[in-house]
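Below is one structure, written out as structure tokens, with a few remarks after it.
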Amino acid sequence: MTTPTWDEPGGAMPPEEFRRSTEAIMANIEHVIEGKSATVRLALAVMLAEGHLLIEDVPGVGKTKLAKALARSIDCSVRRIQFTPDLLPSDVTGVSVYNQEQRDFEFKPGAVFANLVVGDEINRASPKTQSALLECMEERQVTVDGTTYELQAPFMVIATQNPIEMEGTYPLPEAQRDRFTARIAMGYPDPRAELAMLGGHGAIDPLNSLRPVADASTVRRLIATVRDVHAADTVQQYAIALVTATREAPEIRLGASPRSTLQLLRTAKAVAALEGRDYVLPDDLQALAVPVLAHRIIPTTDAQLNRRTTDAIVSELLHRLPLPLDRARSPYDTRQAGDRGSTYDTRGR
């Protein structure tokens with residue numbers, strides 16, 4: 001097997017080209033989403049980590065707009081699913097219908113046959129319909145009537161849900177939540193960003209004028225670049241220690257799965273690449289622990305009665321767990337000596 005060159009489709013990118021491509025995508029999204037640079041960066045990191053994103057927040061803060069802006073920034077196939085109580089699994093995966101002319105059954109692909117699938121209000125569909133996403137999110141394939149259909153790469157599900165309004169909703173089961181790489185919240189904008197939104201969104205929705213700045217081939221090369229990011233043994237052991245801590249904590253009834261360890265490390269590689277590094281720091285894992293792990297754990301009854309959120313529990317575990325002692329400059333660091341800045345020991349530990 002030969003190593004792909006820079007110019008081959010799917011091959012990794014040079015650092016400068018990677019930086020230009022990712023910055024163009026983020027800048028494009030920020031034309032629509034005001035004052036949420038960190039959220040936009042994390043959403044892009046999840047895509048480059050070949051994961052799926054769950055956006056959970058109150059109505060009107062831009063959950064669907066973020067999903068649409070990311071989808072429209074890439075020139076690839078995009079499908080939107082409005083999850084409702086009467087939505088059927090066949091609406092998601094597809095169905096075989098009888099063709100009278102050919103006198104045979106013909107498969108009609110469902111909405112998941114796209115590079116980016118935007119699922120709005122995912123918790124409004126029944127658990128039976130929600131389960132239609134399990135296979136495609138994990139295995140990148142769909143099986144209908146005994147036939148398996150492969151999904152094209154890249155493939156990403158971006159789902160939104162409202163955690164406040166519970167009437168007529170179905171909570172996501174553990175298996176479904178565990179397939180989402182990260183859960184993020186938009187939060188309310190600060191007054192300056194909200195004022196800019198009034199001026200920019202008052203007459204024309206900027207989402208309508210958004211044009212793609214990348215295509216599916218470019219995203220595949222970005223993903224290949226992220227895969228090449230180095231994670232030292234100490235960093236991998238720290239990732240395992242973080243996940244193990246969720247399984248041993250007395251206030252947690254169900255800890256994070258081995259899948260979460262893999263996705264935590266993959267997302268950390270994407271974050272490192274977006275910051276111009278070709279290696280992962282323990283700080284990357286710390287920054288991602290809450291969005292990647294918190295939605296996967298189930299607190300005990302006592303913790304719930306004490307109104308302990310999963311975000312707070314994971315944050316406390318981070319402070320209890322010591323950072324790796326070996327945090328010297330990585331041999332994979334390709335930056336010049338003058339560009340090191342204060343990357344290391346930013347937390348004073």
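Ligands are numbered from 1 in the order shown, chains are lettered A, B, ... in the order of the structure tokens, and residues start at 1 in each chain.
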Give me, as a PyMOL selection string, the residues of stretch 88-318 of chain A that a backbone DSSP run labels helix (DSSP H, G or I). chain A and resi 89-93+122-124+127-139+174-178+191-201+216-227+233-248+258-274+282-296+301-305+310-318
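Close contacts of A:Asp190, defined as residues with an atom at most 10 Å away when counting only C-alpha atoms, with chain neighbours fewer than 4 positions off set aside, comprise Glu34, Gly35, Lys36, Glu194 and Leu195 of chain A.
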Among stretch 50-272 of chain A, which ones does DSSP place in strand (DSSP E), written as a PyMOL selection string? chain A and resi 53-56+74-75+78-82+94-99+104-109+116-120+141-144+147-150+156-161+182-184+214-215+252-254
Sort by chain and increasing residue number a table of all residues of stretch 82-142 of chain A within 7 Å of stretch 155-164 of chain A, each with its closest pair of atoms and their distance in Å to one decimal, counting only C-alpha atoms, and write it as JSON lines.
{"residue": "A:Asn115", "atom": "CA", "partner": "A:Phe155", "partner_atom": "CA", "distance": 4.5}
{"residue": "A:Leu116", "atom": "CA", "partner": "A:Met156", "partner_atom": "CA", "distance": 5.0}
{"residue": "A:Val117", "atom": "CA", "partner": "A:Val157", "partner_atom": "CA", "distance": 4.8}
{"residue": "A:Val118", "atom": "CA", "partner": "A:Ile158", "partner_atom": "CA", "distance": 4.9}
{"residue": "A:Gly119", "atom": "CA", "partner": "A:Ala159", "partner_atom": "CA", "distance": 4.4}
{"residue": "A:Asp120", "atom": "CA", "partner": "A:Thr160", "partner_atom": "CA", "distance": 5.1}
{"residue": "A:Glu121", "atom": "CA", "partner": "A:Gln161", "partner_atom": "CA", "distance": 4.5}
{"residue": "A:Ile122", "atom": "CA", "partner": "A:Gln161", "partner_atom": "CA", "distance": 5.8}
{"residue": "A:Asn123", "atom": "CA", "partner": "A:Gln161", "partner_atom": "CA", "distance": 6.1}
Among listed residues A:Gln286, A:Gln263, A:Gln102, A:Ser217, nearest A:Pro322 (using only C-alpha atoms):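 Checking each of A:Gln286, A:Gln263, A:Gln102, A:Ser217 against A:Pro322, counting only C-alpha atoms, the winner is A:Gln286.
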If you measure from atom CA of A:Val226 to atom CA of A:Lys65, what distance in Å do you get, rounded to one decimal?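 Taking atom CA of A:Val226 and atom CA of A:Lys65, their separation equals 25.9 Å.
The residue that comes closest to A:Thr301, out of A:Ala289, A:Ile252, A:Ala27, A:Leu134 and on the basis of only C-alpha atoms, is A:Ile252.
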Spatial neighbours of A:Lys68, max dist 10 Å, only C-alpha atoms, sep filter under 5 positions, as a JSON list (two decimals) with C-alpha atoms, in the first residue's frame:
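So the final result, stored in result_5.json, reads:
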[["chain", "number", "residue", "atom", "x", "y", "z"],
["A", 29, "ILE", "CA", -20.16, 30.12, 9.32],
["A", 32, "VAL", "CA", -24.40, 33.72, 10.18],
["A", 62, "GLY", "CA", -29.39, 29.50, 16.60],
["A", 63, "LYS", "CA", -29.11, 25.71, 16.91],
["A", 73, "SER", "CA", -20.34, 26.03, 3.77],
["A", 78, "VAL", "CA", -27.26, 17.94, 2.45],
["A", 79, "ARG", "CA", -30.61, 16.65, 3.71],
["A", 80, "ARG", "CA", -32.75, 18.02, 6.51],
["A", 116, "LEU", "CA", -24.51, 16.07, 5.97],
["A", 117, "VAL", "CA", -27.80, 15.18, 7.64],
["A", 118, "VAL", "CA", -29.44, 17.89, 9.74],
["A", 158, "ILE", "CA", -26.00, 17.22, 13.20],
["A", 207, "LEU", "CA", -28.00, 32.13, 5.55],
["A", 210, "LEU", "CA", -24.12, 31.79, 2.11]]
Just the residues within 7 Å of A:Arg296, please, counting only C-alpha atoms, with nothing from its chain fewer than 2 positions along; format it as number ranges by chain. A: 177-178, 256, 293-294, 298
Writer output for current selection, N, CA and C atoms, as an mmCIF file, in the first residue's frame:
data_model
loop_
_atom_site.group_PDB
_atom_site.id
_atom_site.type_symbol
_atom_site.label_atom_id
_atom_site.label_comp_id
_atom_site.auth_asym_id
_atom_site.auth_seq_id
_atom_site.Cartn_x
_atom_site.Cartn_y
_atom_site.Cartn_z
ATOM 1 N N ARG A 177 -27.343 8.491 22.346
ATOM 2 C CA ARG A 177 -26.492 9.572 22.841
ATOM 3 C C ARG A 177 -25.017 9.216 22.726
ATOM 4 N N ASP A 178 -24.701 7.942 22.916
ATOM 5 C CA ASP A 178 -23.305 7.536 22.871
ATOM 6 C C ASP A 178 -22.725 7.640 21.470
ATOM 7 N N ALA A 256 -18.702 6.491 30.994
ATOM 8 C CA ALA A 256 -18.513 6.624 29.549
ATOM 9 C C ALA A 256 -18.002 5.305 28.963
ATOM 10 N N LEU A 293 -17.845 13.865 26.963
ATOM 11 C CA LEU A 293 -18.176 12.825 27.937
ATOM 12 C C LEU A 293 -19.467 13.073 28.708
ATOM 13 N N ALA A 294 -19.817 14.335 28.951
ATOM 14 C CA ALA A 294 -20.906 14.636 29.896
ATOM 15 C C ALA A 294 -22.247 14.061 29.460
ATOM 16 N N ILE A 298 -24.582 8.754 33.229
ATOM 17 C CA ILE A 298 -25.854 8.847 33.949
ATOM 18 C C ILE A 298 -25.543 8.973 35.439
#
Give me the residues within 9 Å of stretch 239-248 of chain A as number ranges by chain, counting only C-alpha atoms and dropping any in the same chain fewer than 4 places off. A: 234-235, 252-258, 260-262, 264-265, 282, 285-286, 289, 293, 297, 313-314, 317-318, 321
For A:Val292, which residue among A:Ser131, A:Ala175, A:Ile25, A:Arg266 is the nearest when counting only C-alpha atoms?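 Selected residue with least distance to A:Val292: A:Arg266.
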Kindly indicate which residue among A:Leu274, A:Leu198, A:Tyr238, A:Phe113 lies nearest to A:Gln141, using only C-alpha atoms for the distances.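 With only C-alpha atoms as the atom set, the closest residue is A:Phe113.
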Grab the atom CA of A:Gln237 to atom CA of A:Arg179 distance for me, in Å with one decimal place. 22.2 Å
What separation in Å, quoted to one decimal, exists between atom CA of A:Pro212 and atom CA of A:Pro154?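 For atom CA of A:Pro212 relative to atom CA of A:Pro154, the distance reads 15.5 Å.
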